[in-house]
>>> print(open('my_file.txt').read())   # compact mmCIF, C-alpha atoms and all ligand atoms
# COMPACT_ATOMS: atom_id res chain seq x y z
CA MET A 1 86.87 11.10 5.28
CA ALA A 2 83.40 12.36 5.98
CA THR A 3 82.07 15.31 4.06
CA ALA A 4 79.13 17.53 4.78
CA ALA A 5 77.91 15.02 7.27
CA SER A 6 76.47 17.50 9.70
CA SER A 7 73.14 17.55 7.93
CA LEU A 8 71.15 14.36 7.85
CA THR A 9 68.55 15.69 5.49
CA PHE A 10 69.35 16.35 1.92
CA SER A 11 67.69 18.59 -0.56
CA THR A 12 64.32 17.47 -1.76
CA SER A 13 65.19 18.42 -5.31
CA LEU A 14 64.52 15.77 -7.90
CA PRO A 15 67.14 13.14 -8.55
CA LYS A 16 69.08 13.10 -11.76
CA LEU A 17 66.77 11.84 -14.44
CA CYS A 18 68.15 9.93 -17.32
CA ARG A 19 66.10 12.03 -19.73
CA PRO A 20 68.84 14.66 -20.29
CA PHE A 21 71.01 11.98 -21.82
CA SER A 22 68.44 11.15 -24.43
CA ILE A 23 71.37 11.46 -25.25
CA SER A 24 75.69 -20.17 -18.11
CA ILE A 25 73.56 -20.50 -15.57
CA THR A 26 75.84 -21.35 -12.69
CA HIS A 27 74.12 -23.49 -10.15
CA LEU A 28 75.89 -22.54 -7.00
CA PRO A 29 77.61 -25.57 -5.57
CA GLN A 30 77.18 -26.87 -2.08
CA VAL A 31 78.78 -24.38 0.24
CA SER A 32 80.94 -25.16 3.20
CA LEU A 33 79.68 -24.14 6.57
CA ASN A 34 81.66 -22.89 9.51
CA PHE A 35 79.40 -22.41 12.48
CA LYS A 36 81.04 -19.84 14.67
CA LYS A 37 77.89 -19.14 16.61
CA LEU A 38 74.82 -21.19 16.36
CA ASN A 39 71.37 -20.69 17.76
CA CYS A 40 69.29 -21.94 14.87
CA SER A 41 68.44 -25.31 13.41
CA ILE A 42 71.79 -26.89 12.93
CA SER A 43 71.83 -30.64 12.96
CA SER A 44 71.76 -31.17 9.22
CA ALA A 45 73.93 -28.13 8.63
CA LEU A 46 76.58 -29.48 10.96
CA LYS A 47 76.71 -32.60 8.86
CA ILE A 48 77.32 -30.41 5.85
CA SER A 49 80.02 -28.65 7.78
CA ARG A 50 81.85 -31.88 8.51
CA ARG A 51 81.49 -33.08 4.94
CA THR A 52 82.97 -29.96 3.52
CA ALA A 53 85.42 -28.94 6.21
CA ALA A 54 88.34 -29.07 3.77
CA THR A 55 87.14 -26.00 1.95
CA THR A 56 85.96 -24.09 4.97
CA THR A 57 87.81 -20.92 5.85
CA LYS A 58 87.30 -18.10 8.25
CA ALA A 59 84.93 -15.35 7.27
CA SER A 60 86.17 -12.28 5.49
CA SER A 61 87.31 -9.44 7.70
CA MET A 62 84.12 -7.60 6.85
CA ALA A 63 82.00 -10.16 8.63
CA SER A 64 81.14 -9.04 12.12
CA SER A 65 78.87 -11.64 13.63
CA GLY A 66 76.71 -14.58 12.85
CA ILE A 67 77.32 -17.91 11.21
CA THR A 68 79.71 -17.63 8.34
CA THR A 69 80.23 -19.83 5.35
CA VAL A 70 82.94 -19.27 2.80
CA ASP A 71 83.38 -20.84 -0.59
CA GLN A 72 86.69 -19.39 -1.71
CA LYS A 73 86.68 -20.96 -5.15
CA ASN A 74 83.41 -19.30 -6.09
CA LYS A 75 84.05 -16.18 -4.03
CA LYS A 76 80.85 -16.82 -2.16
CA VAL A 77 80.18 -16.07 1.48
CA VAL A 78 77.04 -16.97 3.38
CA GLU A 79 76.39 -15.36 6.72
CA VAL A 80 73.44 -16.23 8.96
CA PHE A 81 72.31 -13.91 11.73
CA ASP A 82 70.19 -14.64 14.76
CA THR A 83 68.09 -11.57 14.12
CA GLU A 84 67.38 -9.21 11.26
CA ASP A 85 68.73 -6.43 13.46
CA GLU A 86 72.15 -8.12 13.65
CA LEU A 87 72.01 -8.61 9.91
CA ALA A 88 71.33 -4.90 9.41
CA VAL A 89 74.34 -3.98 11.59
CA SER A 90 76.64 -6.24 9.56
CA LEU A 91 75.21 -5.07 6.24
CA ALA A 92 75.91 -1.48 7.21
CA LYS A 93 79.54 -2.28 8.07
CA TYR A 94 79.99 -4.25 4.86
CA THR A 95 78.62 -1.39 2.80
CA ALA A 96 80.61 1.25 4.67
CA ASP A 97 83.85 -0.74 4.23
CA LEU A 98 83.25 -1.01 0.50
CA SER A 99 82.36 2.66 0.29
CA ASP A 100 85.74 3.49 1.85
CA LYS A 101 87.58 1.09 -0.42
CA PHE A 102 86.08 2.33 -3.69
CA ALA A 103 86.13 6.01 -2.71
CA LYS A 104 89.89 5.64 -2.10
CA GLU A 105 90.58 3.46 -5.12
CA ARG A 106 88.55 5.21 -7.78
CA GLY A 107 87.10 8.36 -6.28
CA SER A 108 83.53 7.19 -6.56
CA PHE A 109 81.31 4.38 -5.32
CA THR A 110 78.59 3.01 -7.59
CA VAL A 111 75.85 1.38 -5.55
CA VAL A 112 72.81 -0.40 -6.95
CA VAL A 113 69.80 -1.07 -4.74
CA SER A 114 66.69 -3.14 -5.16
CA GLY A 115 63.31 -2.34 -3.68
CA GLY A 116 61.36 -4.46 -1.26
CA SER A 117 62.50 -5.42 2.21
CA LEU A 118 66.15 -4.64 1.44
CA ILE A 119 65.67 -0.93 2.07
CA LYS A 120 64.60 -1.48 5.67
CA SER A 121 67.72 -3.58 6.21
CA LEU A 122 69.86 -0.58 5.21
CA ARG A 123 68.58 1.46 8.16
CA LYS A 124 71.81 1.20 10.20
CA LEU A 125 73.66 3.09 7.48
CA VAL A 126 71.74 6.22 8.38
CA GLU A 127 72.69 5.93 12.03
CA ALA A 128 75.95 6.57 13.90
CA PRO A 129 78.73 5.88 13.19
CA TYR A 130 78.16 5.40 9.46
CA VAL A 131 75.96 8.38 8.75
CA ASP A 132 78.88 10.62 9.75
CA SER A 133 81.84 8.49 8.64
CA ILE A 134 80.80 7.56 5.09
CA ASP A 135 81.83 9.96 2.36
CA TRP A 136 78.38 10.22 0.81
CA SER A 137 79.62 12.68 -1.81
CA LYS A 138 81.30 9.74 -3.57
CA TRP A 139 78.11 7.70 -3.84
CA HIS A 140 76.27 7.17 -7.13
CA VAL A 141 72.99 5.34 -6.62
CA PHE A 142 71.11 3.20 -9.14
CA TRP A 143 68.19 0.76 -9.10
CA VAL A 144 68.55 -2.86 -10.15
CA ASP A 145 64.86 -2.72 -10.96
CA GLU A 146 62.09 -0.19 -10.83
CA ARG A 147 58.35 -0.23 -11.14
CA VAL A 148 57.21 2.11 -13.92
CA VAL A 149 54.99 4.32 -11.79
CA PRO A 150 55.31 7.96 -10.72
CA LYS A 151 58.08 8.61 -8.20
CA ASP A 152 55.60 9.52 -5.50
CA HIS A 153 53.56 6.31 -6.00
CA PRO A 154 53.55 3.82 -3.11
CA ASP A 155 54.86 1.11 -5.49
CA SER A 156 57.90 3.14 -6.55
CA ASN A 157 61.23 1.63 -5.55
CA TYR A 158 62.67 5.15 -5.77
CA LYS A 159 60.15 6.43 -3.23
CA LEU A 160 60.87 3.50 -0.93
CA ALA A 161 64.60 4.18 -1.03
CA PHE A 162 64.16 7.93 -0.77
CA ASP A 163 61.86 7.78 2.25
CA GLY A 164 63.82 5.09 4.08
CA PHE A 165 67.40 5.93 3.18
CA LEU A 166 68.31 8.55 0.60
CA SER A 167 66.48 11.43 2.28
CA LYS A 168 68.57 10.84 5.40
CA VAL A 169 72.07 11.06 3.94
CA PRO A 170 73.85 13.81 2.00
CA ILE A 171 74.28 12.06 -1.33
CA PRO A 172 74.34 14.76 -4.02
CA PRO A 173 70.89 14.64 -5.70
CA GLY A 174 72.67 14.62 -9.07
CA ASN A 175 74.24 11.29 -8.13
CA VAL A 176 70.87 9.57 -7.66
CA TYR A 177 69.77 8.00 -10.94
CA ALA A 178 66.04 7.42 -10.95
CA ILE A 179 64.13 6.29 -14.02
CA ASN A 180 62.22 8.72 -16.18
CA ASP A 181 58.71 7.92 -14.98
CA ALA A 182 57.10 9.87 -17.82
CA LEU A 183 58.02 7.14 -20.31
CA SER A 184 56.57 3.73 -21.10
CA SER A 185 58.25 0.65 -19.61
CA GLU A 186 60.18 0.10 -22.82
CA GLY A 187 61.09 3.77 -23.11
CA ALA A 188 62.19 3.97 -19.49
CA ALA A 189 64.40 0.88 -19.87
CA ASP A 190 66.04 2.25 -23.04
CA ASP A 191 66.50 5.63 -21.39
CA TYR A 192 68.10 4.07 -18.30
CA GLU A 193 70.46 2.04 -20.47
CA THR A 194 71.43 5.21 -22.34
CA CYS A 195 72.11 6.87 -19.00
CA LEU A 196 74.35 3.97 -17.92
CA LYS A 197 76.23 4.08 -21.23
CA HIS A 198 76.93 7.77 -20.71
CA LEU A 199 78.21 7.12 -17.19
CA VAL A 200 80.45 4.28 -18.38
CA HIS A 201 81.76 6.59 -21.09
CA THR A 202 82.55 9.30 -18.53
CA GLY A 203 84.15 6.80 -16.14
CA VAL A 204 81.65 7.13 -13.32
CA ILE A 205 80.73 3.46 -13.77
CA ASN A 206 83.48 0.93 -14.46
CA LYS A 207 83.29 -1.39 -17.43
CA SER A 208 84.04 -5.08 -17.06
CA SER A 209 87.05 -6.12 -19.10
CA VAL A 210 85.64 -9.64 -18.99
CA SER A 211 82.07 -9.10 -20.16
CA GLY A 212 82.06 -5.59 -21.63
CA PHE A 213 79.03 -4.82 -19.47
CA PRO A 214 78.98 -2.12 -16.78
CA LYS A 215 80.69 -3.22 -13.59
CA PHE A 216 79.05 -1.73 -10.52
CA ASP A 217 81.01 -1.61 -7.29
CA LEU A 218 78.23 -2.98 -5.08
CA MET A 219 74.77 -4.33 -5.71
CA LEU A 220 72.47 -4.62 -2.70
CA VAL A 221 69.84 -7.08 -3.85
CA GLY A 222 66.79 -8.67 -2.27
CA MET A 223 65.01 -11.86 -3.27
CA GLY A 224 61.28 -12.57 -3.49
CA PRO A 225 59.67 -15.70 -2.00
CA ASP A 226 59.51 -17.12 -5.56
CA GLY A 227 63.28 -16.72 -5.97
CA HIS A 228 63.09 -13.65 -8.19
CA VAL A 229 65.81 -11.04 -8.08
CA ALA A 230 65.48 -7.55 -9.56
CA SER A 231 62.41 -7.98 -11.83
CA LEU A 232 63.71 -11.25 -13.24
CA PHE A 233 61.03 -13.81 -12.46
CA PRO A 234 61.08 -17.63 -12.57
CA GLY A 235 60.55 -19.03 -16.04
CA HIS A 236 60.44 -15.63 -17.74
CA PRO A 237 62.27 -15.26 -21.09
CA LEU A 238 64.06 -12.17 -19.73
CA LEU A 239 66.26 -14.53 -17.71
CA GLN A 240 68.06 -15.31 -20.96
CA GLU A 241 68.56 -11.70 -22.12
CA ASN A 242 72.24 -11.38 -22.92
CA GLN A 243 72.51 -8.25 -25.07
CA LYS A 244 70.65 -5.47 -23.33
CA TRP A 245 71.89 -3.83 -20.16
CA VAL A 246 68.43 -2.80 -19.03
CA THR A 247 65.21 -4.37 -20.20
CA HIS A 248 61.53 -4.08 -19.43
CA ILE A 249 58.60 -6.26 -18.50
CA THR A 250 54.93 -5.44 -18.96
CA ASN A 251 53.50 -8.62 -17.45
CA SER A 252 55.26 -8.90 -14.11
CA PRO A 253 53.69 -11.71 -12.09
CA LYS A 254 54.08 -9.46 -9.06
CA PRO A 255 52.28 -6.11 -9.34
CA PRO A 256 52.71 -3.60 -10.72
CA PRO A 257 53.02 -5.20 -14.19
CA GLY A 258 55.27 -2.58 -15.81
CA ARG A 259 58.89 -2.60 -14.67
CA ILE A 260 62.42 -2.11 -15.84
CA THR A 261 65.24 -4.36 -14.72
CA PHE A 262 68.97 -4.86 -15.07
CA THR A 263 69.77 -8.02 -16.99
CA PHE A 264 71.88 -10.88 -15.65
CA PRO A 265 74.99 -9.93 -17.64
CA VAL A 266 74.99 -6.57 -15.85
CA ILE A 267 74.17 -8.03 -12.44
CA ASN A 268 76.88 -10.66 -12.84
CA SER A 269 79.55 -8.20 -13.90
CA SER A 270 79.47 -6.61 -10.43
CA SER A 271 82.46 -6.37 -8.15
CA TYR A 272 80.39 -7.18 -5.05
CA ILE A 273 76.84 -8.39 -4.59
CA ALA A 274 75.10 -8.56 -1.23
CA LEU A 275 72.04 -10.81 -1.41
CA VAL A 276 69.87 -9.95 1.56
CA VAL A 277 67.18 -12.49 2.42
CA CYS A 278 65.02 -12.60 5.54
CA GLY A 279 62.00 -14.54 6.67
CA ALA A 280 60.75 -18.12 6.79
CA GLY A 281 58.74 -17.58 3.60
CA LYS A 282 62.01 -17.58 1.66
CA ALA A 283 63.62 -20.58 3.39
CA SER A 284 62.68 -23.14 0.72
CA VAL A 285 64.30 -21.15 -2.09
CA VAL A 286 67.37 -20.54 0.09
CA GLN A 287 67.51 -24.29 0.71
CA THR A 288 67.44 -24.97 -3.04
CA ALA A 289 70.05 -22.33 -3.75
CA LEU A 290 72.46 -23.17 -0.95
CA GLY A 291 71.46 -26.48 0.52
CA LYS A 292 70.82 -30.03 -0.50
CA SER A 293 67.26 -29.67 -1.75
CA GLN A 294 66.17 -32.10 -4.46
CA ASN A 295 64.19 -29.33 -6.15
CA SER A 296 65.06 -29.35 -9.85
CA ASP A 297 63.69 -25.85 -10.44
CA VAL A 298 66.30 -23.21 -11.14
CA PHE A 299 65.33 -20.02 -9.42
CA PRO A 300 66.56 -16.68 -10.76
CA VAL A 301 68.53 -16.14 -7.56
CA GLN A 302 70.64 -19.16 -8.51
CA MET A 303 71.76 -17.31 -11.61
CA VAL A 304 73.42 -14.61 -9.52
CA SER A 305 77.13 -15.26 -9.99
CA PRO A 306 79.21 -12.09 -10.02
CA GLU A 307 82.73 -11.61 -11.35
CA GLY A 308 83.60 -10.48 -7.84
CA GLU A 309 82.27 -11.54 -4.45
CA LEU A 310 78.78 -12.74 -3.65
CA LYS A 311 77.77 -12.48 -0.03
CA TRP A 312 74.47 -13.82 1.26
CA PHE A 313 73.07 -12.09 4.33
CA LEU A 314 70.46 -14.43 5.82
CA ASP A 315 68.46 -14.20 8.98
CA LYS A 316 67.85 -17.33 11.02
CA ASP A 317 64.38 -17.85 9.55
CA ALA A 318 65.56 -17.65 5.94
CA ALA A 319 68.34 -20.13 6.79
CA SER A 320 66.06 -22.45 8.76
CA LYS A 321 66.07 -25.20 6.10
CA LEU A 322 69.82 -25.28 5.60
O1 LIG B 401 59.15 -6.54 -6.55
C1 LIG B 401 60.24 -6.59 -6.00
O2 LIG B 401 60.51 -7.60 -5.14
C2 LIG B 401 61.84 -7.96 -4.78
C3 LIG B 401 61.76 -8.73 -3.47
O3 LIG B 401 61.10 -7.94 -2.50
P1 LIG B 401 61.00 -8.39 -0.97
O4 LIG B 401 60.08 -7.38 -0.34
O5 LIG B 401 60.44 -9.78 -0.95
O6 LIG B 401 62.39 -8.33 -0.40
C4 LIG B 401 62.75 -6.76 -4.73
O7 LIG B 401 64.08 -7.18 -4.53
C5 LIG B 401 62.61 -5.98 -6.04
O8 LIG B 401 63.50 -4.91 -6.09
C6 LIG B 401 61.20 -5.48 -6.12
O9 LIG B 401 60.95 -4.70 -7.28
>>> encode(input="my_file.txt", output="structure tokens", more="lines below")
Ligand SMILES: O=C1O[C@H](COP(=O)(O)O)[C@@H](O)[C@H](O)[C@H]1O
Amino acid sequence: MATAASSLTFSTSLPKLCRPFSISITHLPQVSLNFKKLNCSISSALKISRRTAATTTKASSMASSGITTVDQKNKKVVEVFDTEDELAVSLAKYTADLSDKFAKERGSFTVVVSGGSLIKSLRKLVEAPYVDSIDWSKWHVFWVDERVVPKDHPDSNYKLAFDGFLSKVPIPPGNVYAINDALSSEGAADDYETCLKHLVHTGVINKSSVSGFPKFDLMLVGMGPDGHVASLFPGHPLLQENQKWVTHITNSPKPPPGRITFTFPVINSSSYIALVVCGAGKASVVQTALGKSQNSDVFPVQMVSPEGELKWFLDKDAASKL
């Protein structure tokens, strides 16, 4: 299964640029909770568990530890881990299992990553056993959002992923799809969309028969403390974009201001989405998205509703208000 796994360092050549190709809001319902192991604040959550026991099932076979919640109807799983380290172990297994599945089923594995804290949580993938067992040659890597800065800039999501992950595994450089950082935000977004269209046309990326948008195998997505996902921020008109695959923003409330981002129709056409959220600073948004909060705001994260499975990976602090 593993290929060329003896080297942990891959070529420093540039990733594939897209330039050559110049060529209903669903408010997630209350989830059911099945506390297999519980060391965090639980009293209110246990009440939820009793209230919703009828729809509670065991975790998927990919779940390895933690507190697991399953909402079968909405294909939503919530898993809470005592520590971020346990979360990272489970996230690595989840990703490796899906890599195996898609490599066998379709000969390639299309993976979309965000920037931010997510990348650190992928660190177990570059350790044994996964670094040697995953068939990295099948991976095609994309960004759900990117800051329009040079690739060696500290704000670059590409640089973050390269330094923390991609430089440590033998993914063919031609399968790493960074933005063209020589373009404007608008130009880079259009160019990235053109790149995706080419890859859908050539069959590298699946196309959703439901939405007609590209259907990525796995999106590994973080969430900001304001509930933003990708570069889709609360209250921003881009939340409603339903034509474009990739769009741009020049006034991001979080610096830097110029970014490109996948739109919700693309995000929500995915086969699997892992939403990885850690830290007490994100607990209130998690409570609104998954708990019984009275907050009437709709955060962008609540608009994440894939065709396939959504799995939340939460650490104890992020889940502390559930
Ligand atoms: O600006 C961004 O922020 C979000 C969240 O980052 P985090 O550090 O709070 O996890 C990230 O998912 C996104 O890709 C990035 O561009």
>>> residues_near_ligand(input="my_file.txt", ligand="ligand LIG 401 (chain B)", cutoff="6 Å", atoms="all atoms listed in the file", output="PDB file with C-alpha atoms, keeping the file's coordinate frame")
ATOM      1  CA  SER A 114      66.690  -3.140  -5.160  1.00  0.00           C
ATOM      2  CA  GLY A 115      63.310  -2.340  -3.680  1.00  0.00           C
ATOM      3  CA  GLY A 116      61.360  -4.460  -1.260  1.00  0.00           C
ATOM      4  CA  SER A 117      62.500  -5.420   2.210  1.00  0.00           C
ATOM      5  CA  LEU A 118      66.150  -4.640   1.440  1.00  0.00           C
ATOM      6  CA  ASP A 145      64.860  -2.720 -10.960  1.00  0.00           C
ATOM      7  CA  GLU A 146      62.090  -0.190 -10.830  1.00  0.00           C
ATOM      8  CA  VAL A 221      69.840  -7.080  -3.850  1.00  0.00           C
ATOM      9  CA  GLY A 222      66.790  -8.670  -2.270  1.00  0.00           C
ATOM     10  CA  MET A 223      65.010 -11.860  -3.270  1.00  0.00           C
ATOM     11  CA  GLY A 224      61.280 -12.570  -3.490  1.00  0.00           C
ATOM     12  CA  VAL A 229      65.810 -11.040  -8.080  1.00  0.00           C
ATOM     13  CA  ALA A 230      65.480  -7.550  -9.560  1.00  0.00           C
ATOM     14  CA  SER A 231      62.410  -7.980 -11.830  1.00  0.00           C
TER      15      SER A 231
END
>>> closest_residue(input="my_file.txt", among="A:Val176, A:Trp245, A:Glu84, A:Arg123", to="A:Tyr158", atoms="only C-alpha atoms")
A:Val176
>>> closest_residue(input="my_file.txt", among="A:Ile171, A:Val126, A:Ala283, A:Ala319", to="A:Pro225", atoms="all atoms listed in the file")
A:Ala283
>>> residues_around(input="my_file.txt", residues="stretch 85-101 of chain A", least_positions_apart="2", cutoff="8 Å", atoms="all atoms listed in the file", output="PyMOL selection string")
chain A and resi 62-66+80-83+103-105+109+121-125+130+134-135+139+218+313-315
>>> write_last_selection(input="my_file.txt", atoms="C-alpha atoms", output="mmCIF file, in the frame of the given file")
data_model
loop_
_atom_site.group_PDB
_atom_site.id
_atom_site.type_symbol
_atom_site.label_atom_id
_atom_site.label_comp_id
_atom_site.auth_asym_id
_atom_site.auth_seq_id
_atom_site.Cartn_x
_atom_site.Cartn_y
_atom_site.Cartn_z
ATOM 1 C CA MET A 62 84.120 -7.600 6.850
ATOM 2 C CA ALA A 63 82.000 -10.160 8.630
ATOM 3 C CA SER A 64 81.140 -9.040 12.120
ATOM 4 C CA SER A 65 78.870 -11.640 13.630
ATOM 5 C CA GLY A 66 76.710 -14.580 12.850
ATOM 6 C CA VAL A 80 73.440 -16.230 8.960
ATOM 7 C CA PHE A 81 72.310 -13.910 11.730
ATOM 8 C CA ASP A 82 70.190 -14.640 14.760
ATOM 9 C CA THR A 83 68.090 -11.570 14.120
ATOM 10 C CA ALA A 103 86.130 6.010 -2.710
ATOM 11 C CA LYS A 104 89.890 5.640 -2.100
ATOM 12 C CA GLU A 105 90.580 3.460 -5.120
ATOM 13 C CA PHE A 109 81.310 4.380 -5.320
ATOM 14 C CA SER A 121 67.720 -3.580 6.210
ATOM 15 C CA LEU A 122 69.860 -0.580 5.210
ATOM 16 C CA ARG A 123 68.580 1.460 8.160
ATOM 17 C CA LYS A 124 71.810 1.200 10.200
ATOM 18 C CA LEU A 125 73.660 3.090 7.480
ATOM 19 C CA TYR A 130 78.160 5.400 9.460
ATOM 20 C CA ILE A 134 80.800 7.560 5.090
ATOM 21 C CA ASP A 135 81.830 9.960 2.360
ATOM 22 C CA TRP A 139 78.110 7.700 -3.840
ATOM 23 C CA LEU A 218 78.230 -2.980 -5.080
ATOM 24 C CA PHE A 313 73.070 -12.090 4.330
ATOM 25 C CA LEU A 314 70.460 -14.430 5.820
ATOM 26 C CA ASP A 315 68.460 -14.200 8.980
#
>>> atom_distance(input="my_file.txt", atom1="atom CA of A:Ser209", atom2="atom CA of A:Lys197")
15.0 Å
>>> residues_around(input="my_file.txt", residues="A:Asn251", least_positions_apart="3", cutoff="12 Å", atoms="all atoms listed in the file", output="ChimeraX atom specification")
/A:147-148,185,231-233,236-238,248,254-260
>>> atom_distance(input="my_file.txt", atom1="atom CA of A:Ile273", atom2="atom CA of A:Ser208")
14.8 Å
>>> decode(input="my_file.txt", residues="stretch 303-311 of chain A", atoms="all heavy atoms", output="compact mmCIF listing (two decimals), in the first residue's frame")
# COMPACT_ATOMS: atom_id res chain seq x y z
N MET A 303 -23.46 26.67 8.60
CA MET A 303 -23.86 26.44 7.21
C MET A 303 -23.12 25.27 6.59
O MET A 303 -23.36 24.92 5.44
CB MET A 303 -23.62 27.71 6.39
CG MET A 303 -24.45 28.90 6.88
SD MET A 303 -24.01 30.46 6.08
CE MET A 303 -24.60 30.19 4.42
N VAL A 304 -22.21 24.67 7.34
CA VAL A 304 -21.48 23.50 6.83
C VAL A 304 -22.40 22.29 6.93
O VAL A 304 -22.82 21.88 8.02
CB VAL A 304 -20.18 23.26 7.64
CG1 VAL A 304 -19.49 21.99 7.16
CG2 VAL A 304 -19.25 24.46 7.52
N SER A 305 -22.75 21.74 5.79
CA SER A 305 -23.74 20.65 5.75
C SER A 305 -23.47 19.81 4.49
O SER A 305 -24.13 19.98 3.47
CB SER A 305 -25.15 21.25 5.72
OG SER A 305 -26.11 20.24 5.67
N PRO A 306 -22.48 18.95 4.57
CA PRO A 306 -22.05 18.24 3.35
C PRO A 306 -23.04 17.19 2.87
O PRO A 306 -23.85 16.68 3.65
CB PRO A 306 -20.73 17.60 3.77
CG PRO A 306 -20.84 17.43 5.24
CD PRO A 306 -21.67 18.58 5.74
N GLU A 307 -22.91 16.87 1.59
CA GLU A 307 -23.68 15.74 1.03
C GLU A 307 -23.34 14.46 1.77
O GLU A 307 -24.17 13.60 1.97
CB GLU A 307 -23.30 15.54 -0.44
CG GLU A 307 -23.97 16.48 -1.38
CD GLU A 307 -23.50 16.29 -2.83
OE1 GLU A 307 -23.02 15.19 -3.18
OE2 GLU A 307 -23.61 17.25 -3.59
N GLY A 308 -22.09 14.34 2.15
CA GLY A 308 -21.63 13.13 2.86
C GLY A 308 -21.64 13.33 4.36
O GLY A 308 -22.59 13.87 4.92
N GLU A 309 -20.54 12.91 5.00
CA GLU A 309 -20.49 12.91 6.47
C GLU A 309 -19.77 14.15 7.00
O GLU A 309 -18.74 14.54 6.48
CB GLU A 309 -19.74 11.66 6.95
CG GLU A 309 -19.60 11.60 8.46
CD GLU A 309 -18.72 10.42 8.92
OE1 GLU A 309 -19.22 9.30 8.94
OE2 GLU A 309 -17.53 10.66 9.21
N LEU A 310 -20.35 14.71 8.05
CA LEU A 310 -19.69 15.79 8.78
C LEU A 310 -19.26 15.24 10.13
O LEU A 310 -20.08 14.69 10.87
CB LEU A 310 -20.64 16.96 8.99
CG LEU A 310 -20.18 18.07 9.93
CD1 LEU A 310 -18.90 18.74 9.42
CD2 LEU A 310 -21.28 19.13 10.12
N LYS A 311 -17.98 15.36 10.43
CA LYS A 311 -17.51 14.92 11.74
C LYS A 311 -16.81 16.08 12.44
O LYS A 311 -15.86 16.65 11.90
CB LYS A 311 -16.57 13.72 11.62
CG LYS A 311 -16.06 13.27 12.98
CD LYS A 311 -15.46 11.89 12.94
CE LYS A 311 -14.96 11.51 14.34
NZ LYS A 311 -14.49 10.14 14.41
